Structure formats: structure tokens, C-alpha cells
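Pasted below: my_file22.csv, CSV, C-alpha atoms.
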chain,number,residue,atom,x,y,z
X,118,MET,CA,-123.1,146.2,-49.8
X,119,THR,CA,-122.7,143.9,-46.8
X,120,THR,CA,-126.3,144.2,-45.8
X,121,GLY,CA,-127.3,143.1,-49.3
X,122,ASP,CA,-125.1,140.0,-48.9
X,123,ASP,CA,-126.7,139.2,-45.6
X,124,GLN,CA,-130.2,139.6,-47.1
X,125,SER,CA,-129.5,137.3,-49.9
X,126,GLY,CA,-128.1,134.6,-47.6
X,127,SER,CA,-131.1,134.7,-45.3
X,128,GLY,CA,-133.3,134.6,-48.3
X,129,GLU,CA,-131.7,131.4,-49.4
X,130,THR,CA,-132.0,129.7,-46.1
X,131,GLY,CA,-135.6,130.7,-45.9
X,132,ARG,CA,-136.4,129.2,-49.2
X,133,ARG,CA,-134.7,125.9,-48.2
X,134,THR,CA,-136.8,125.6,-45.1
X,135,SER,CA,-139.9,126.3,-46.9
X,136,ALA,CA,-139.2,123.5,-49.5
X,137,ASP,CA,-138.5,120.9,-46.8
X,138,PRO,CA,-142.1,119.7,-46.0
X,139,GLN,CA,-142.8,118.9,-49.7
X,140,GLY,CA,-139.9,116.3,-49.8
X,141,ALA,CA,-141.8,113.8,-47.7
X,142,SER,CA,-143.1,111.1,-50.0
X,143,PRO,CA,-146.8,110.1,-49.8
X,144,HIS,CA,-146.8,106.4,-48.5
X,145,GLY,CA,-150.5,106.2,-47.5
X,146,ALA,CA,-151.8,102.8,-48.9
X,147,GLY,CA,-150.0,100.2,-46.6
X,148,PRO,CA,-152.6,97.4,-46.0
X,149,GLN,CA,-154.1,97.4,-49.6
X,150,GLY,CA,-150.6,96.7,-51.1
X,151,ALA,CA,-150.0,93.6,-48.9
X,152,GLY,CA,-153.3,92.1,-50.1
X,153,ASP,CA,-152.2,92.7,-53.8
X,154,THR,CA,-148.9,90.8,-53.3
X,155,ALA,CA,-150.7,87.8,-51.8
X,156,ALA,CA,-153.0,87.7,-54.7
X,157,TRP,CA,-150.1,87.9,-57.2
X,158,ASP,CA,-148.2,85.2,-55.3
X,159,ALA,CA,-151.3,82.9,-55.5
X,160,ARG,CA,-151.6,83.5,-59.2
X,161,ARG,CA,-147.9,83.0,-59.8
X,162,GLY,CA,-148.0,79.7,-57.9
X,163,GLU,CA,-151.0,78.5,-60.0
X,164,LEU,CA,-149.2,79.4,-63.2
X,165,ASP,CA,-146.0,77.7,-62.0
X,166,ARG,CA,-147.9,74.6,-61.3
X,167,ARG,CA,-149.6,74.6,-64.7
X,168,LEU,CA,-146.4,75.3,-66.5
X,169,ALA,CA,-144.6,72.4,-64.7
X,170,ALA,CA,-147.5,70.0,-65.6
X,171,HIS,CA,-147.3,71.1,-69.2
X,172,GLN,CA,-143.6,70.7,-69.3
X,173,ALA,CA,-143.8,67.3,-67.8
X,174,ARG,CA,-146.3,66.3,-70.5
X,175,ARG,CA,-144.1,67.7,-73.2
X,176,ALA,CA,-141.1,65.9,-71.9
X,177,ALA,CA,-143.0,62.6,-71.8
X,178,GLU,CA,-144.2,63.1,-75.4
X,179,GLU,CA,-140.7,64.1,-76.5
X,180,GLY,CA,-139.3,61.0,-74.8
X,181,THR,CA,-141.6,58.5,-76.6
X,182,ARG,CA,-141.0,60.2,-79.9
X,183,HIS,CA,-137.2,60.2,-79.3
X,184,ARG,CA,-137.3,56.5,-78.3
X,185,SER,CA,-139.1,55.4,-81.5
X,186,ALA,CA,-136.7,57.5,-83.5
X,187,ASN,CA,-133.9,55.8,-81.7
X,188,ALA,CA,-135.3,52.4,-82.5
X,189,GLN,CA,-135.6,53.3,-86.2
X,190,GLY,CA,-132.1,54.7,-86.3
X,191,MET,CA,-130.8,51.5,-84.7
X,192,ALA,CA,-132.5,49.4,-87.3
X,193,GLU,CA,-131.0,51.5,-90.0
X,194,GLY,CA,-127.6,51.4,-88.4
X,195,LEU,CA,-127.7,47.6,-88.0
X,196,LYS,CA,-128.7,47.3,-91.7
X,197,LEU,CA,-125.7,49.3,-92.9
X,198,ALA,CA,-123.4,47.6,-90.5
X,199,SER,CA,-124.5,44.1,-91.7
X,200,GLU,CA,-124.0,45.3,-95.3
X,201,PHE,CA,-120.5,46.4,-94.6
X,202,VAL,CA,-119.5,43.4,-92.5
X,203,ALA,CA,-120.9,41.0,-95.1
X,204,GLY,CA,-118.6,42.4,-97.7
X,205,ILE,CA,-115.5,42.0,-95.5
X,206,VAL,CA,-116.5,38.5,-94.4
X,207,VAL,CA,-117.2,37.3,-98.0
X,208,GLY,CA,-113.9,38.8,-99.1
X,209,ALA,CA,-112.0,37.1,-96.3
X,210,ALA,CA,-113.7,33.8,-97.0
X,211,ILE,CA,-112.9,33.9,-100.7
X,212,GLY,CA,-109.2,34.8,-100.0
X,213,TYR,CA,-108.9,32.1,-97.4
X,214,GLY,CA,-110.4,29.5,-99.7
X,215,ILE,CA,-108.1,30.4,-102.6
X,216,ASP,CA,-105.1,30.3,-100.2
X,217,ARG,CA,-106.1,27.0,-98.8
X,218,LEU,CA,-106.4,25.5,-102.3
X,219,ALA,CA,-103.2,27.1,-103.8
X,220,GLY,CA,-101.1,27.0,-100.6
X,221,THR,CA,-100.1,30.7,-100.8
X,222,MET,CA,-101.3,31.4,-97.3
X,223,PRO,CA,-101.4,35.1,-96.6
X,224,LEU,CA,-101.3,36.4,-100.1
X,225,PHE,CA,-104.9,36.1,-101.4
X,226,LEU,CA,-106.4,36.5,-97.9
X,227,VAL,CA,-104.9,40.0,-97.7
X,228,PHE,CA,-105.8,40.9,-101.2
X,229,PHE,CA,-109.4,39.7,-101.0
X,230,LEU,CA,-109.8,41.3,-97.5
X,231,MET,CA,-109.1,44.6,-99.1
X,232,ILE,CA,-111.4,43.8,-102.0
X,233,GLY,CA,-114.0,42.8,-99.5
X,234,PHE,CA,-113.5,46.1,-97.7
X,235,ALA,CA,-114.2,48.0,-100.9
X,236,ALA,CA,-117.2,45.8,-101.6
X,237,GLY,CA,-118.5,46.6,-98.1
X,238,VAL,CA,-118.2,50.3,-98.8
X,239,ARG,CA,-119.9,49.8,-102.2
X,240,ASN,CA,-122.8,47.9,-100.4
X,241,VAL,CA,-123.2,50.7,-97.9
X,242,LEU,CA,-123.1,53.4,-100.6
X,243,ARG,CA,-125.6,51.5,-102.7
X,244,SER,CA,-128.1,51.1,-99.9
X,245,VAL,CA,-127.9,54.8,-98.8
X,246,ALA,CA,-128.0,56.1,-102.4
X,247,PRO,CA,-131.3,57.6,-103.6
X,248,LYS,CA,-133.4,55.0,-105.4
X,249,PRO,CA,-132.9,55.1,-109.2
X,250,ALA,CA,-135.9,54.8,-111.6
X,251,PRO,CA,-137.0,51.1,-111.7
X,252,SER,CA,-136.7,50.6,-115.4
X,253,ALA,CA,-136.1,52.5,-118.6
X,254,ASP,CA,-137.5,50.0,-121.2
X,255,ALA,CA,-140.8,49.6,-119.3
X,256,PRO,CA,-143.7,51.9,-119.7
X,257,PRO,CA,-144.0,54.6,-117.0
X,258,PRO,CA,-145.3,52.8,-113.9
X,259,ARG,CA,-147.8,55.3,-112.6
X,260,PRO,CA,-149.4,57.6,-115.1
X,261,ARG,CA,-151.7,58.9,-112.3
X,262,GLU,CA,-148.7,60.8,-110.8
X,263,ASP,CA,-147.9,62.4,-114.2
X,264,ARG,CA,-151.4,63.7,-114.5
X,265,GLU,CA,-151.3,65.2,-111.1
X,266,SER,CA,-148.0,67.0,-111.5
R,146,MET,CA,-136.6,19.5,-66.8
R,147,GLU,CA,-133.2,20.1,-65.2
R,148,HIS,CA,-132.3,23.1,-67.3
R,149,ASP,CA,-132.0,26.5,-65.7
R,150,PRO,CA,-135.3,28.3,-66.2
R,151,THR,CA,-133.5,31.6,-66.9
R,152,ASP,CA,-131.2,30.2,-69.5
R,153,PRO,CA,-131.7,32.6,-72.5
R,154,ILE,CA,-130.3,30.2,-75.1
R,155,HIS,CA,-132.5,27.2,-74.3
R,156,GLN,CA,-135.4,28.6,-76.4
R,157,PHE,CA,-133.3,28.0,-79.6
R,158,GLN,CA,-132.6,24.4,-79.0
R,159,ILE,CA,-133.8,22.0,-81.6
R,160,ASN,CA,-135.5,18.8,-80.5
R,161,ARG,CA,-136.4,15.8,-82.6
R,162,ILE,CA,-140.1,15.2,-82.4
R,163,VAL,CA,-140.3,12.3,-84.9
R,164,PRO,CA,-136.8,10.8,-85.5
R,165,ILE,CA,-136.3,9.8,-89.1
R,166,ARG,CA,-133.0,8.4,-90.4
R,167,ILE,CA,-132.4,7.6,-94.0
R,168,GLY,CA,-128.9,6.0,-94.3
R,169,ASP,CA,-126.5,8.3,-92.7
R,170,TRP,CA,-128.8,11.3,-93.0
R,171,ASP,CA,-130.9,12.7,-90.2
R,172,PHE,CA,-134.3,13.7,-91.6
R,173,SER,CA,-136.0,14.0,-88.2
R,174,PHE,CA,-139.1,16.1,-87.9
R,175,THR,CA,-137.9,18.7,-85.4
R,176,ASN,CA,-139.7,21.5,-83.5
R,177,SER,CA,-138.2,23.9,-86.1
R,178,ALA,CA,-139.9,21.9,-88.9
R,179,LEU,CA,-143.1,21.8,-86.9
R,180,PHE,CA,-143.2,25.6,-86.7
R,181,MET,CA,-142.4,26.0,-90.4
R,182,VAL,CA,-145.3,23.7,-91.2
R,183,LEU,CA,-147.4,25.7,-88.7
R,184,THR,CA,-146.4,29.0,-90.3
R,185,VAL,CA,-147.3,27.8,-93.8
R,186,ALA,CA,-150.6,26.2,-92.5
R,187,ILE,CA,-151.6,29.4,-90.7
R,188,THR,CA,-150.8,31.6,-93.6
R,189,ALA,CA,-152.6,29.5,-96.1
R,190,ALA,CA,-155.6,29.0,-93.8
R,191,PHE,CA,-155.9,32.7,-93.1
R,192,LEU,CA,-155.6,33.7,-96.7
R,193,TYR,CA,-158.1,31.0,-97.8
R,194,TYR,CA,-160.6,31.7,-95.1
R,195,THR,CA,-160.6,35.5,-95.5
R,196,THR,CA,-160.9,35.4,-99.2
R,197,ARG,CA,-163.6,32.7,-99.3
R,198,GLY,CA,-166.5,35.2,-99.4
R,199,ARG,CA,-165.0,37.3,-102.2
R,200,GLY,CA,-167.2,40.2,-101.2
R,201,LEU,CA,-167.3,43.3,-103.3
R,202,VAL,CA,-167.4,45.2,-100.0
R,203,PRO,CA,-164.7,43.3,-98.1
R,204,SER,CA,-165.2,41.9,-94.6
R,205,ARG,CA,-162.6,42.7,-91.9
R,206,GLY,CA,-160.4,39.7,-92.6
R,207,GLN,CA,-160.7,40.1,-96.4
R,208,SER,CA,-159.6,43.7,-96.2
R,209,VAL,CA,-156.5,42.6,-94.1
R,210,THR,CA,-155.6,40.2,-96.9
R,211,GLU,CA,-156.2,42.8,-99.6
R,212,LEU,CA,-154.1,45.3,-97.8
R,213,THR,CA,-151.2,42.8,-97.5
R,214,TYR,CA,-151.6,42.0,-101.2
R,215,GLU,CA,-151.6,45.6,-102.3
R,216,PHE,CA,-148.7,46.5,-100.0
R,217,THR,CA,-146.6,43.8,-101.4
R,218,ALA,CA,-147.6,44.5,-105.0
R,219,ASN,CA,-146.7,48.2,-104.6
R,220,MET,CA,-143.4,47.3,-103.0
R,221,LEU,CA,-142.5,45.0,-105.9
R,222,ARG,CA,-143.8,47.5,-108.6
R,223,ASP,CA,-141.8,50.4,-107.1
R,224,ALA,CA,-138.6,48.4,-106.9
R,225,ALA,CA,-138.7,46.2,-110.0
R,226,GLY,CA,-141.2,47.9,-112.3
R,227,PRO,CA,-144.2,46.3,-114.0
R,228,ALA,CA,-142.1,43.5,-115.4
R,229,GLY,CA,-141.3,42.4,-111.9
R,230,MET,CA,-144.9,41.5,-111.2
R,231,ARG,CA,-144.3,38.0,-112.6
R,232,PHE,CA,-142.4,37.4,-109.3
R,233,PHE,CA,-145.3,38.5,-107.2
R,234,PRO,CA,-146.2,35.0,-105.9
R,235,PHE,CA,-142.6,34.4,-105.0
R,236,VAL,CA,-142.2,37.7,-103.1
R,237,PHE,CA,-145.6,37.5,-101.4
R,238,SER,CA,-144.8,33.9,-100.2
R,239,ILE,CA,-141.4,35.0,-98.8
R,240,PHE,CA,-142.9,38.1,-97.2
R,241,MET,CA,-145.8,36.1,-95.6
R,242,PHE,CA,-143.6,33.3,-94.5
R,243,VAL,CA,-141.0,35.6,-92.7
R,244,LEU,CA,-143.7,37.8,-91.2
R,245,VAL,CA,-145.8,34.9,-89.9
R,246,ALA,CA,-142.8,33.1,-88.6
R,247,ASN,CA,-141.5,36.2,-86.8
R,248,LEU,CA,-144.9,36.9,-85.3
R,249,LEU,CA,-145.4,33.2,-84.3
R,250,GLY,CA,-142.1,33.4,-82.4
R,251,MET,CA,-143.6,36.2,-80.2
R,252,PHE,CA,-145.9,33.7,-78.5
R,253,PRO,CA,-144.5,32.4,-75.2
R,254,TYR,CA,-143.1,28.8,-75.5
R,255,PHE,CA,-143.1,29.0,-79.3
R,256,PHE,CA,-140.1,28.3,-81.4
R,257,THR,CA,-138.8,31.1,-83.6
R,258,VAL,CA,-138.0,29.6,-87.0
R,259,THR,CA,-136.2,32.7,-88.3
R,260,SER,CA,-133.8,32.8,-85.3
R,261,HIS,CA,-131.7,30.1,-87.0
R,262,LEU,CA,-129.1,31.2,-89.5
R,263,ILE,CA,-129.5,28.2,-91.7
R,264,VAL,CA,-133.2,28.9,-92.3
R,265,THR,CA,-132.7,32.6,-93.2
R,266,PHE,CA,-129.7,31.6,-95.3
R,267,ALA,CA,-131.7,29.1,-97.2
R,268,LEU,CA,-134.3,31.8,-97.9
R,269,ALA,CA,-131.6,34.2,-99.0
R,270,MET,CA,-130.0,31.6,-101.3
R,271,LEU,CA,-133.4,30.9,-102.8
R,272,VAL,CA,-133.7,34.6,-103.6
R,273,ILE,CA,-130.2,34.8,-105.1
R,274,GLY,CA,-130.7,31.6,-106.9
R,275,VAL,CA,-133.8,32.9,-108.6
R,276,VAL,CA,-132.0,36.1,-109.5
R,277,ILE,CA,-129.1,34.3,-111.1
R,278,VAL,CA,-131.1,31.6,-112.9
R,279,TYR,CA,-133.8,34.0,-114.2
R,280,GLY,CA,-131.1,36.6,-115.1
R,281,LEU,CA,-129.2,34.1,-117.2
R,282,MET,CA,-132.3,32.7,-118.8
R,283,LYS,CA,-133.7,36.1,-119.8
R,284,HIS,CA,-130.5,37.9,-120.8
R,285,GLY,CA,-128.0,35.1,-121.4
R,286,LEU,CA,-124.4,36.3,-121.0
R,287,HIS,CA,-125.5,39.9,-121.2
R,288,TRP,CA,-126.6,39.5,-117.6
R,289,PHE,CA,-123.0,39.7,-116.5
R,290,LYS,CA,-123.0,43.3,-117.5
R,291,LEU,CA,-124.4,43.7,-114.0
R,292,PHE,CA,-120.9,43.4,-112.7
R,293,VAL,CA,-119.5,46.0,-115.2
R,294,PRO,CA,-120.6,49.5,-114.1
R,295,PRO,CA,-120.6,52.0,-117.0
R,296,ASP,CA,-118.0,54.8,-117.4
R,297,VAL,CA,-115.1,53.0,-115.7
R,298,PRO,CA,-111.6,53.5,-117.1
R,299,ALA,CA,-110.2,50.3,-118.7
R,300,MET,CA,-107.3,50.2,-116.3
R,301,LEU,CA,-109.5,50.1,-113.2
R,302,LEU,CA,-112.0,47.7,-114.8
R,303,PRO,CA,-110.6,44.3,-113.4
R,304,LEU,CA,-110.5,45.7,-109.9
R,305,VAL,CA,-114.0,47.2,-110.1
R,306,VAL,CA,-115.4,44.0,-111.5
R,307,LEU,CA,-113.9,42.0,-108.7
R,308,ILE,CA,-115.3,44.4,-106.1
R,309,GLU,CA,-118.7,44.2,-107.8
R,310,ILE,CA,-118.6,40.4,-107.7
R,311,VAL,CA,-117.7,40.3,-104.0
R,312,SER,CA,-120.4,42.8,-103.4
R,313,PHE,CA,-122.9,40.6,-105.2
R,314,ILE,CA,-121.8,37.5,-103.2
R,315,SER,CA,-122.1,39.4,-100.0
R,316,ARG,CA,-125.8,40.1,-100.6
R,317,PRO,CA,-127.3,36.7,-99.4
R,318,VAL,CA,-124.9,36.9,-96.5
R,319,SER,CA,-126.1,40.3,-95.3
R,320,LEU,CA,-129.7,39.5,-96.1
R,321,SER,CA,-129.8,36.3,-94.0
R,322,VAL,CA,-127.5,37.5,-91.2
R,323,ARG,CA,-129.6,40.7,-90.7
R,324,LEU,CA,-132.9,38.8,-90.2
R,325,PHE,CA,-131.3,36.1,-88.1
R,326,ALA,CA,-129.3,38.5,-85.9
R,327,ASN,CA,-132.4,40.7,-85.3
R,328,MET,CA,-134.6,37.8,-84.2
R,329,LEU,CA,-131.9,36.1,-82.2
R,330,ALA,CA,-130.8,39.3,-80.3
R,331,GLY,CA,-134.3,40.4,-79.7
R,332,HIS,CA,-135.4,37.0,-78.2
R,333,ILE,CA,-132.3,36.7,-76.1
R,334,THR,CA,-132.7,40.3,-74.7
R,335,LEU,CA,-136.4,39.5,-73.9
R,336,LYS,CA,-135.4,36.3,-72.1
R,337,VAL,CA,-132.6,37.9,-70.1
R,338,PHE,CA,-134.9,40.6,-68.7
R,339,ALA,CA,-137.6,38.0,-68.0
R,340,GLY,CA,-134.9,36.0,-66.2
R,341,PHE,CA,-134.1,39.1,-64.0
R,342,VAL,CA,-137.8,39.1,-63.0
R,343,PHE,CA,-137.6,35.5,-62.1
R,344,SER,CA,-134.3,35.6,-60.2
R,345,LEU,CA,-135.3,38.7,-58.2
R,346,GLY,CA,-138.8,37.3,-57.5
R,347,THR,CA,-137.2,34.4,-55.7
R,348,LEU,CA,-135.4,36.7,-53.3
R,349,GLY,CA,-138.4,37.6,-51.2
R,350,ALA,CA,-140.5,40.7,-50.7
R,351,LEU,CA,-137.8,43.2,-51.5
R,352,GLY,CA,-136.8,41.2,-54.6
R,353,ILE,CA,-140.4,41.2,-55.8
R,354,LEU,CA,-140.5,45.0,-55.4
R,355,GLY,CA,-137.2,45.2,-57.3
R,356,ALA,CA,-138.5,42.9,-60.0
R,357,ILE,CA,-141.0,45.6,-61.1
R,358,LEU,CA,-138.3,47.5,-63.1
R,359,PRO,CA,-137.2,44.6,-65.3
R,360,LEU,CA,-140.9,43.6,-65.7
R,361,LEU,CA,-141.6,47.1,-67.2
R,362,MET,CA,-138.6,46.6,-69.4
R,363,VAL,CA,-140.0,43.3,-70.7
R,364,VAL,CA,-143.3,45.0,-71.5
R,365,ALA,CA,-141.5,47.7,-73.5
R,366,LEU,CA,-139.2,45.2,-75.2
R,367,THR,CA,-142.2,43.0,-76.2
R,368,ALA,CA,-143.7,46.0,-78.0
R,369,LEU,CA,-140.3,46.7,-79.7
R,370,GLU,CA,-140.0,43.1,-80.7
R,371,PHE,CA,-143.4,43.2,-82.5
R,372,LEU,CA,-142.1,46.2,-84.4
R,373,VAL,CA,-138.9,44.4,-85.3
R,374,ALA,CA,-140.7,41.3,-86.4
R,375,ALA,CA,-142.8,43.2,-88.9
R,376,LEU,CA,-140.0,45.6,-89.9
R,377,GLN,CA,-137.5,42.7,-90.7
R,378,ALA,CA,-140.1,40.9,-92.8
R,379,TYR,CA,-140.6,44.1,-94.7
R,380,VAL,CA,-136.8,44.7,-95.1
R,381,PHE,CA,-136.3,41.1,-96.3
R,382,ALA,CA,-139.1,41.5,-98.9
R,383,VAL,CA,-137.9,44.9,-100.1
R,384,LEU,CA,-134.4,43.7,-100.6
R,385,THR,CA,-135.7,40.6,-102.4
R,386,CYS,CA,-137.5,43.0,-104.8
R,387,MET,CA,-134.4,45.1,-105.3
R,388,TYR,CA,-132.3,42.0,-106.1
R,389,LEU,CA,-135.0,40.7,-108.5
R,390,ASN,CA,-134.8,44.1,-110.2
R,391,ASP,CA,-131.1,43.3,-111.0
R,392,ALA,CA,-132.2,40.0,-112.6
R,393,ILE,CA,-134.8,41.8,-114.8
R,394,HIS,CA,-132.9,44.9,-115.6
R,395,PRO,CA,-129.1,44.3,-115.4
R,396,GLY,CA,-126.9,47.2,-116.3
R,397,HIS,CA,-128.7,49.7,-114.1
Exercise: express the given structure as C-alpha cells:
Amino acid sequence: MTTGDDQSGSGETGRRTSADPQGASPHGAGPQGAGDTAAWDARRGELDRRLAAHQARRAAEEGTRHRSANAQGMAEGLKLASEFVAGIVVGAAIGYGIDRLAGTMPLFLVFFLMIGFAAGVRNVLRSVAPKPAPSADAPPPRPREDRES
Amino acid sequence: MEHDPTDPIHQFQINRIVPIRIGDWDFSFTNSALFMVLTVAITAAFLYYTTRGRGLVPSRGQSVTELTYEFTANMLRDAAGPAGMRFFPFVFSIFMFVLVANLLGMFPYFFTVTSHLIVTFALAMLVIGVVIVYGLMKHGLHWFKLFVPPDVPAMLLPLVVLIEIVSFISRPVSLSVRLFANMLAGHITLKVFAGFVFSLGTLGALGILGAILPLLMVVALTALEFLVAALQAYVFAVLTCMYLNDAIHPGH
């Protein structure tokens, strides 16, 4: 029985030693791999450069488009602001005028200031509302569109 | 000239060219009047000269005039319907006057007529005056239905009518202030940046180098000002059409 144990143990060690030389990995192509990396780096550099140029052009285009959109937005905003302010100014002027004539100083000024505020809001709402049909009693303005649709 | 060359307000000063006094009234022919006359003369001369040939195939100038005509006509027809076309000469005159006055103001050393509130306010009052007079002539007292929106509870009616009246009165104010403020602000901004160029340029070599930045800004602003000049003339004309629509079709 003991000899059998010994044999099996020696057999195991023997198998291990025989497997050892196979574990070494085959690293044979050293100089060829270095050349590959250099080529890849060159290509990546080229791509990076082209990408950067493209992005710069895109950013410039975006910038000009953004600026013109800004200018239009500012024009629109100024238009609405002037509508609103005009309502308040006219309300205040009417109230002040009535007060000056009637001698009831703050009363009509306050009242017409509030009316003017409402008129300003009305102006803004009217100018941002979708355009209504020009007229009902007139014949349809453009029959060409009707035919097309 | 002892005035500061970088003064941004100086360009808006009114000078008497031919002083005329009638009684206590000052009827002097000013630089503002001169440029109004110039505006009208240039507009009329351009329109007359380009349409002189009346070619079936339009020349370059004639097609510019035709484009302007059709542009204005479409604008008016869209806003006021076919019945509004009787106001075409009125709208076209106002559009051309404002446009040419704005563009004339873009020349260096030229006076900008529309940068004075009284001029734009007079134009706006003319528009509103036409709206009121024509509305009353055509519809009589029914025209006042413009101030009474439909479907309003009777209790709220006085308040709403008051608001509508104030809103109507505020129209010429916003119409005139918008054009005037745009032109004034644009020309002042342009002049301020041009003043930077001048002040930096007097500082020597480094200053001249630094003056490049405001100079670029002036170039960009000039382009923007041309856009604003055309856009504001268009806005003025479109709003004129919309107000005329109220005179022709009240109650909408």
C-alpha cells in the first residue's frame, strides 16, 4: 500500500515537470510590433488634426448662426418691450393729465397706471398671437393656395 | 470745430442751413429737412429712372423696383386683405421713406432723419390719423366696435373697453419709439466704438495695435446696422398694414 502511494506521488511530480516547458509564451515578433505602433500613432495624429480642423470650422459656423439668431431675438425682444412700455407710459400720461386737470393728484394716476399695465400686456399678447385671417367679408385672397392643397 | 471728435451725440445735432422766421415761428431749413428732401428726391429719382424703360424683360434696376413693389403689395394683402390695396400708395411711400432714410443715415457724415423722435412720431401719427379718419368715414360709429371685443361679460365691459382704448393710443407711441430707439441706439453704439479706435490710435504704436479690436467691432456693427435699417423699415410698414386692417375691418 505504501509503495503505491509513493508511486502515485512521484508520478504527479513527473507530470508537473513535463508540463513546465509548455508554459513559456511565444514572444517572437519584437521589432515588427514597434513599427506597427509608430504607424498607428502617425495615423492617429493625422486624424486628430483633421478632427480638430473640422471642429473649429463647425464652431465658427455655429457661432455666426448663433449670432444672427441672437440679433433676431434681440429685435423681437425690443419690439415686445416697446409694446409693453408704451402701454404703461400712455396709461401714466392719461392718468397724470386727468389728475392735473381735476386736482385729484394720485387717484387717476394710480388707476390709469394699472389700466396701462393691462393694455401693455394686451399689446404684447396681440403681437405674439397667431395672425388671424385678414377678412371675412372679402373674397378668399389667394385661390392658388386652395387649388394646391 | 471745437467739439470733441469722439462725441457720440454730436451727429444728431440739428443745424439751421437756411434760417427762416415767420413771426414767432422758426421755419428754418435744417440739415434734417435737407436729408428728408434728399430721401424723397433719391427715392423718386430711383423709381422714375428704373421704370422709365418699362421693359417686358426687366433690367436690373427695374427688377429691384418690381421686387419692392411686389414685396409691399404682398405684405399689405396678407395683413389687410384685398380691400387694403387702396392704401398701397400710402404704405409704399412710408416704407420707401423709412427705408431710404435709414440707409442714407448709414453713410458717414450723413444725418439720420429717423433718429429723431419727432420725425418718427409724425409718421406714426399720420398712420393712426389715416386709420381713425378712414375708419370713421367708412363705418361711422360702428367703427368704435373695435374697442369692444366680443364675448365679454357686461360687468367687465367698461374695464375692458378702457384697456382697449389705452392699448390703441399706445400704438403710435410704440410704433414711433421703436424705430427711433433702434436708429438712435445703433448710431450711438457705432460712434462709441469708432471713438475707441480714435482714442487708442492717438496713444502711439501699442494703442494702434489695441485699436484693431474695436475696429473689428465697428465692421461687425456696421453690418448689423444695415440689417437693422432694413428690418425696422419692414416692421414699420407691417405694423402700418395691421393698423390699416383695423380701419377696414373693425370688430376682428
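Closest to chain X among R:Thr347, R:Thr385, R:Ser321, R:Thr334 is R:Ser321, based on all atoms listed in the file.
Distance annotation: of X:Gly190, X:Gly212, X:Gly162, X:Gly233, the residue with the minimal separation from chain R is X:Gly233; atom set is all atoms listed in the file.
Near chain R, within 6 Å and counting all atoms listed in the file, the residues of chain X are Ser199, Glu200, Ala203, Gly204, Val207, Ile232, Ala236 and Pro251 of chain X.
Our summary of the geometry notes that atom CA of X:Gly237 is positioned 6.5 Å from atom CA of X:Val202.
Shell of stretch 221-225 of chain X at 12 Å, with only C-alpha atoms counted and residues fewer than 4 places along the chain excluded, is Gly208, Ala209, Ala210, Ile211, Gly212, Tyr213, Gly214, Ile215, Asp216, Arg217, Phe229, Leu230, Met231, Ile232 and Gly233 of chain X.
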List every protein, DNA or RNA residue that has at least one atom no more than 10 Å from (-138.6, 45.3, -61.8) in the file's coordinates, counting all atoms listed in the file, and write the result as a CSV table (one decimal) with C-alpha atoms, in the coordinates of the input.
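The new file selection-v5.csv reads:
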chain,number,residue,atom,x,y,z
R,338,PHE,CA,-134.9,40.6,-68.7
R,339,ALA,CA,-137.6,38.0,-68.0
R,341,PHE,CA,-134.1,39.1,-64.0
R,342,VAL,CA,-137.8,39.1,-63.0
R,343,PHE,CA,-137.6,35.5,-62.1
R,345,LEU,CA,-135.3,38.7,-58.2
R,346,GLY,CA,-138.8,37.3,-57.5
R,352,GLY,CA,-136.8,41.2,-54.6
R,353,ILE,CA,-140.4,41.2,-55.8
R,354,LEU,CA,-140.5,45.0,-55.4
R,355,GLY,CA,-137.2,45.2,-57.3
R,356,ALA,CA,-138.5,42.9,-60.0
R,357,ILE,CA,-141.0,45.6,-61.1
R,358,LEU,CA,-138.3,47.5,-63.1
R,359,PRO,CA,-137.2,44.6,-65.3
R,360,LEU,CA,-140.9,43.6,-65.7
R,361,LEU,CA,-141.6,47.1,-67.2
R,362,MET,CA,-138.6,46.6,-69.4
R,363,VAL,CA,-140.0,43.3,-70.7
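Among R:Gly200, R:Gly250, R:Pro234, R:Gly280, the residue with the shortest atom-to-atom distance to R:Phe180, counting all atoms listed in the file, is R:Gly250.
The space between atom CA of R:His287 and atom CA of R:Phe232 spans 20.8 Å.
When atom CA of R:Leu301 is paired with atom CA of X:Phe234, their separation reads 16.5 Å.
Comparing X:Arg161, X:Arg174, X:Lys196, X:Arg167 by their smallest distance to X:Val241, the closest is X:Lys196 (using only C-alpha atoms).
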Inset, instruction - Within 12 Å of stretch 207-219 of chain R, counting all atoms listed in the file, which residues show up once you throw out same-chain ones fewer than 6 positions away? Write them as number ranges by chain, please. - result: X: 258-259; R: 188-201, 225-241, 244, 378-383, 385-386
